[in-house]
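J.: I'd like to ask some things about the structure below.
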Amino acid sequence: MKKNFLKNMHIQFRDYCNHTSVHGFQYFGEKNRHIVERIWWLIVFVICLAACVISIYAVYKKWEESPVIVNFGNTRTPIYTIPFPAVTICPEAKSDRRIFNFTEVVYKMVDGIPLNLSEKVRFEYMSLICNQYPELNYTNNGTFSEEFYDVLKAVTPKFQILGCSFFEDVKDRCDKFYVPVITEEGICYSFNMLDGQEIYRNTVLPLKDYYQRPGFVYENSSIWSLQDGYSENAGLYAYPIRAFSAGAKSGLTLNILTPSEDLDYTCKDALQGYKVMLHTPMTIPRPSKKYFRVPLDQSVMGAIEPVMITTSSRVKTYNYERRKCFLSNERQLRYFKNYTASNCNLECLTNYTLDVCGCVNFYMPRENGTTICGTGQIECMKSRESRLRKFYLTTKIENPGYFKEFDCNCLPLCTDLTYEVAISQINYEWKKRAFAQRRLPGVRANSHVSALTLFFKSDGFITSERNELYGPIDFISNFGGLLGLFTGFSVLSLMEFFYFLSIRIICNVRLFGQWAVVEKE
């Protein structure tokens, strides 16, 4: 019985070899051929099959590890579909020298002259913003009280805008649109930024007089989101403000006055003027990370080019680890209502600083019970930021996964927006202009005026999109192409295989009374 079964198997296999479309199989079943020929074809087939499997595995790994490719869109996106960037301006002058003279206090400490209580307190507070001098005798307080923000507000020079315009419709009202914000540079001023209630969660301690947009009503705050853009009922003058056309006349223009007595070269470096940062309205600015300068008595013009990336609906179905980005509602932050990579990195640094130092820096979000780090924790705060940056580089470059506990996992948003700016500048002869117009008495001659103009470079921009590198059809095509190249295998070849294992046997039994039949030659 077993002998007959093996004989029938042999007959059926030879029948399959003689009729299959898979390359090389016909030589396995050909009669009256030398064994060397069969072995040679067997070796060739095994080599081709192995090469095919290796190639298919390589395609699969490439698809699995990097399934997403970024390419450019086919149509231009109008600039009025996105907000004008939030413009954060940080003065290099940190204190009004008539209220607190940082240089004078440093000289007193160097010369051993005792300071009064007010000078001691203000010097300690301003040391978190100004340059540190290791040779001076700090009190090394571990934490500061909430009084820090009151003192900072009291000594910070007034932000004086001489005149501004935006989109030819909003004139001389930039004081309304610019709101004070707290950053690592101290008090800065942001144009077109969302209100603090829209940015921070309710558990975060609110900062009085900061991140507060005049006339803001929280119930009317959902007219724009980075994911969905402006709502249909947003209207022409929605907030965040948007520009409807390109060019300087449709951009932001402002002149800033800086009195000479506000300049303090001991608190900060010799580069006086302003740091300017462009960011999305929902992002907390970090001007120490990315900025450009507006020097004193200079006119700076910036042409803005939006850089927006979206994600196809197919890629959105992938796990975030494969698509390398987060959907807007996919990652929840502890302090922020809206996820951005920048907000995530700030939160990660805040948590790490709090965990190690027991307090946070003055510009970081805080909850009830969290204290502000004092001068005694400056080195701790600096080392936390430096180590966190080092851990990031180590995990990404040298040893992925080694410092997993420090991995902030701050992937970019799947729908993300940034602003690139190309700047040019020239001497601003404002005094000559004022003298020619007989307006010089209205402006102190020992002051400085800086001019800034920002506008969109063109009326539209090309949006990039994350798409599949290999979709299901692409992968099947590559799979089938490699099988066909190395073995001649196709879907019909697969059907032949199942045919000889099922229908062929059944029909042989019904026609000839046995499941393997030798064909007559």
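Note on naming: chains are A, B, ... as they come in the structure tokens, residues start from 1 per chain, ligands start from 1 in the order shown.
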List every residue of stretch 406-501 of chain A that has an atom at most 12 Å from any atom of stretch 164-168 of chain A, and for each one report the closest atom pair and its distance in Å to one decimal, counting only C-alpha atoms, with rows sorted by chain and then by increasing residue number, as a tab-separated table.

T.:
residue	atom	partner	partner_atom	distance
A:Ser450	CA	A:Cys164	CA	12.0
A:Ala451	CA	A:Cys164	CA	9.6
A:Leu452	CA	A:Cys164	CA	9.4
A:Thr453	CA	A:Cys164	CA	9.4
A:Leu454	CA	A:Phe166	CA	9.5
A:Phe455	CA	A:Phe166	CA	9.4
A:Phe456	CA	A:Phe167	CA	11.1

J.: Would you mind exporting N, CA and C atoms of the selected residues as an mmCIF file, in the first residue's frame?

T.:
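Full text of part09.cif as output:
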data_model
loop_
_atom_site.group_PDB
_atom_site.id
_atom_site.type_symbol
_atom_site.label_atom_id
_atom_site.label_comp_id
_atom_site.auth_asym_id
_atom_site.auth_seq_id
_atom_site.Cartn_x
_atom_site.Cartn_y
_atom_site.Cartn_z
ATOM 1 N N SER A 450 14.514 101.074 16.663
ATOM 2 C CA SER A 450 14.697 99.916 15.772
ATOM 3 C C SER A 450 13.407 99.688 15.003
ATOM 4 N N ALA A 451 13.523 99.319 13.752
ATOM 5 C CA ALA A 451 12.348 99.078 12.905
ATOM 6 C C ALA A 451 12.329 97.611 12.475
ATOM 7 N N LEU A 452 11.146 97.047 12.447
ATOM 8 C CA LEU A 452 10.972 95.640 12.049
ATOM 9 C C LEU A 452 9.774 95.531 11.119
ATOM 10 N N THR A 453 9.970 94.874 9.989
ATOM 11 C CA THR A 453 8.889 94.619 9.034
ATOM 12 C C THR A 453 8.890 93.129 8.699
ATOM 13 N N LEU A 454 7.757 92.481 8.880
ATOM 14 C CA LEU A 454 7.615 91.059 8.593
ATOM 15 C C LEU A 454 6.423 90.850 7.670
ATOM 16 N N PHE A 455 6.590 90.016 6.656
ATOM 17 C CA PHE A 455 5.518 89.789 5.699
ATOM 18 C C PHE A 455 5.719 88.436 5.014
ATOM 19 N N PHE A 456 4.637 87.909 4.482
ATOM 20 C CA PHE A 456 4.725 86.674 3.711
ATOM 21 C C PHE A 456 5.367 86.955 2.358
#

J.: How would you write, as an MDAnalysis selection string, the set of residues in stretch 160-216 of chain A that DSSP gives as strand (DSSP E)?

T.: chainID A and resid 160:166 170:171 178:183 186:191

J.: For the selection just defined, write its residues with N, CA and C atoms to a file, as a PDB file, in the first residue's frame.

T.:
ATOM      1  N   GLN A 160       8.227 100.206  24.438  1.00  0.00           N
ATOM      2  CA  GLN A 160       7.700 101.413  23.805  1.00  0.00           C
ATOM      3  C   GLN A 160       7.646 101.258  22.289  1.00  0.00           C
ATOM      4  N   ILE A 161       6.436 101.125  21.775  1.00  0.00           N
ATOM      5  CA  ILE A 161       6.211 101.033  20.331  1.00  0.00           C
ATOM      6  C   ILE A 161       5.775 102.404  19.830  1.00  0.00           C
ATOM      7  N   LEU A 162       6.575 102.977  18.943  1.00  0.00           N
ATOM      8  CA  LEU A 162       6.266 104.304  18.422  1.00  0.00           C
ATOM      9  C   LEU A 162       5.138 104.275  17.403  1.00  0.00           C
ATOM     10  N   GLY A 163       5.034 103.235  16.665  1.00  0.00           N
ATOM     11  CA  GLY A 163       3.982 103.123  15.661  1.00  0.00           C
ATOM     12  C   GLY A 163       4.041 101.767  14.998  1.00  0.00           C
ATOM     13  N   CYS A 164       2.903 101.271  14.590  1.00  0.00           N
ATOM     14  CA  CYS A 164       2.886  99.965  13.929  1.00  0.00           C
ATOM     15  C   CYS A 164       1.680  99.876  13.006  1.00  0.00           C
ATOM     16  N   SER A 165       1.721  98.920  12.130  1.00  0.00           N
ATOM     17  CA  SER A 165       0.582  98.646  11.258  1.00  0.00           C
ATOM     18  C   SER A 165       0.605  97.183  10.867  1.00  0.00           C
ATOM     19  N   PHE A 166      -0.581  96.672  10.574  1.00  0.00           N
ATOM     20  CA  PHE A 166      -0.696  95.304  10.091  1.00  0.00           C
ATOM     21  C   PHE A 166      -1.830  95.243   9.080  1.00  0.00           C
ATOM     22  N   VAL A 170      -4.959  97.793  10.623  1.00  0.00           N
ATOM     23  CA  VAL A 170      -4.738  97.957  12.048  1.00  0.00           C
ATOM     24  C   VAL A 170      -3.560  98.896  12.229  1.00  0.00           C
ATOM     25  N   LYS A 171      -3.812 100.124  12.631  1.00  0.00           N
ATOM     26  CA  LYS A 171      -2.750 101.130  12.736  1.00  0.00           C
ATOM     27  C   LYS A 171      -2.692 101.675  14.164  1.00  0.00           C
ATOM     28  N   TYR A 178       0.038  93.205  21.340  1.00  0.00           N
ATOM     29  CA  TYR A 178       1.232  92.669  21.988  1.00  0.00           C
ATOM     30  C   TYR A 178       0.958  92.436  23.465  1.00  0.00           C
ATOM     31  N   VAL A 179       1.159  91.203  23.912  1.00  0.00           N
ATOM     32  CA  VAL A 179       0.917  90.866  25.316  1.00  0.00           C
ATOM     33  C   VAL A 179       2.229  90.398  25.938  1.00  0.00           C
ATOM     34  N   PRO A 180       2.489  90.730  27.206  1.00  0.00           N
ATOM     35  CA  PRO A 180       3.714  90.273  27.868  1.00  0.00           C
ATOM     36  C   PRO A 180       3.662  88.780  28.157  1.00  0.00           C
ATOM     37  N   VAL A 181       4.791  88.109  27.944  1.00  0.00           N
ATOM     38  CA  VAL A 181       4.913  86.678  28.227  1.00  0.00           C
ATOM     39  C   VAL A 181       6.213  86.454  28.983  1.00  0.00           C
ATOM     40  N   ILE A 182       6.267  85.358  29.721  1.00  0.00           N
ATOM     41  CA  ILE A 182       7.460  85.003  30.489  1.00  0.00           C
ATOM     42  C   ILE A 182       8.253  83.951  29.721  1.00  0.00           C
ATOM     43  N   THR A 183       9.522  84.244  29.442  1.00  0.00           N
ATOM     44  CA  THR A 183      10.414  83.288  28.797  1.00  0.00           C
ATOM     45  C   THR A 183      11.724  83.246  29.573  1.00  0.00           C
ATOM     46  N   GLY A 186      13.364  86.501  30.306  1.00  0.00           N
ATOM     47  CA  GLY A 186      12.648  87.448  31.152  1.00  0.00           C
ATOM     48  C   GLY A 186      11.295  87.772  30.548  1.00  0.00           C
ATOM     49  N   ILE A 187      10.899  89.030  30.618  1.00  0.00           N
ATOM     50  CA  ILE A 187       9.617  89.454  30.048  1.00  0.00           C
ATOM     51  C   ILE A 187       9.800  89.790  28.578  1.00  0.00           C
ATOM     52  N   CYS A 188       9.058  89.095  27.737  1.00  0.00           N
ATOM     53  CA  CYS A 188       9.042  89.362  26.303  1.00  0.00           C
ATOM     54  C   CYS A 188       7.625  89.772  25.914  1.00  0.00           C
ATOM     55  N   TYR A 189       7.429  90.060  24.631  1.00  0.00           N
ATOM     56  CA  TYR A 189       6.136  90.554  24.170  1.00  0.00           C
ATOM     57  C   TYR A 189       5.771  89.837  22.875  1.00  0.00           C
ATOM     58  N   SER A 190       4.576  89.246  22.873  1.00  0.00           N
ATOM     59  CA  SER A 190       4.146  88.402  21.753  1.00  0.00           C
ATOM     60  C   SER A 190       2.965  89.016  21.016  1.00  0.00           C
ATOM     61  N   PHE A 191       3.056  88.980  19.713  1.00  0.00           N
ATOM     62  CA  PHE A 191       1.980  89.421  18.827  1.00  0.00           C
ATOM     63  C   PHE A 191       1.326  88.193  18.207  1.00  0.00           C
TER      64      PHE A 191
END

J.: Find the residues near stretch 322-339 of chain A: any atom within 6 Å, counting only C-alpha atoms, skip ones fewer than 4 places away on the same chain, and give them as a PyMOL selection string.

T.: chain A and resi 199-201+411-414

J.: Using only C-alpha atoms, which of the listed residues (A:Tyr211, A:Phe479, A:Phe498, A:Phe13) sits closest to A:Ile284?

T.: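 Once distances to A:Ile284 are computed over only C-alpha atoms, the minimum belongs to A:Tyr211.
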
J.: Between A:Leu296, A:Cys408, A:Val36, A:Cys344, which has the minimum distance to A:Asn427 (counting only C-alpha atoms)?

T.: A:Leu296

J.: Residues of stretch 64-97 of chain A that approach stretch 304-308 of chain A to 9 Å or less, counting only C-alpha atoms: could you list each one with the shortest pair of atoms and its distance in Å to one decimal, rows by chain and increasing residue number, as a tab-separated table?

T.:
residue	atom	partner	partner_atom	distance
A:Ile79	CA	A:Pro306	CA	8.3
A:Ile82	CA	A:Pro306	CA	8.9
A:Pro85	CA	A:Ile304	CA	8.9

J.: Between atom CA of A:His448 and atom CA of A:Leu257, what is the spacing in Å?

T.: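 Atom-to-atom, atom CA of A:Leu257 and atom CA of A:His448 are spaced 5.8 Å apart.
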
J.: Would you compute the distance between atom CA of A:Tyr291 and atom CA of A:Ala238? Give it in Å to one decimal.

T.: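 Distance between the two atoms: 26.7 Å.
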
J.: Name all residues at most 7 Å from A:Asn131 (count only C-alpha atoms; drop same-chain ones fewer than 3 positions away) and give them as an NGL selection string.

T.: :A and (127 or 267-268)
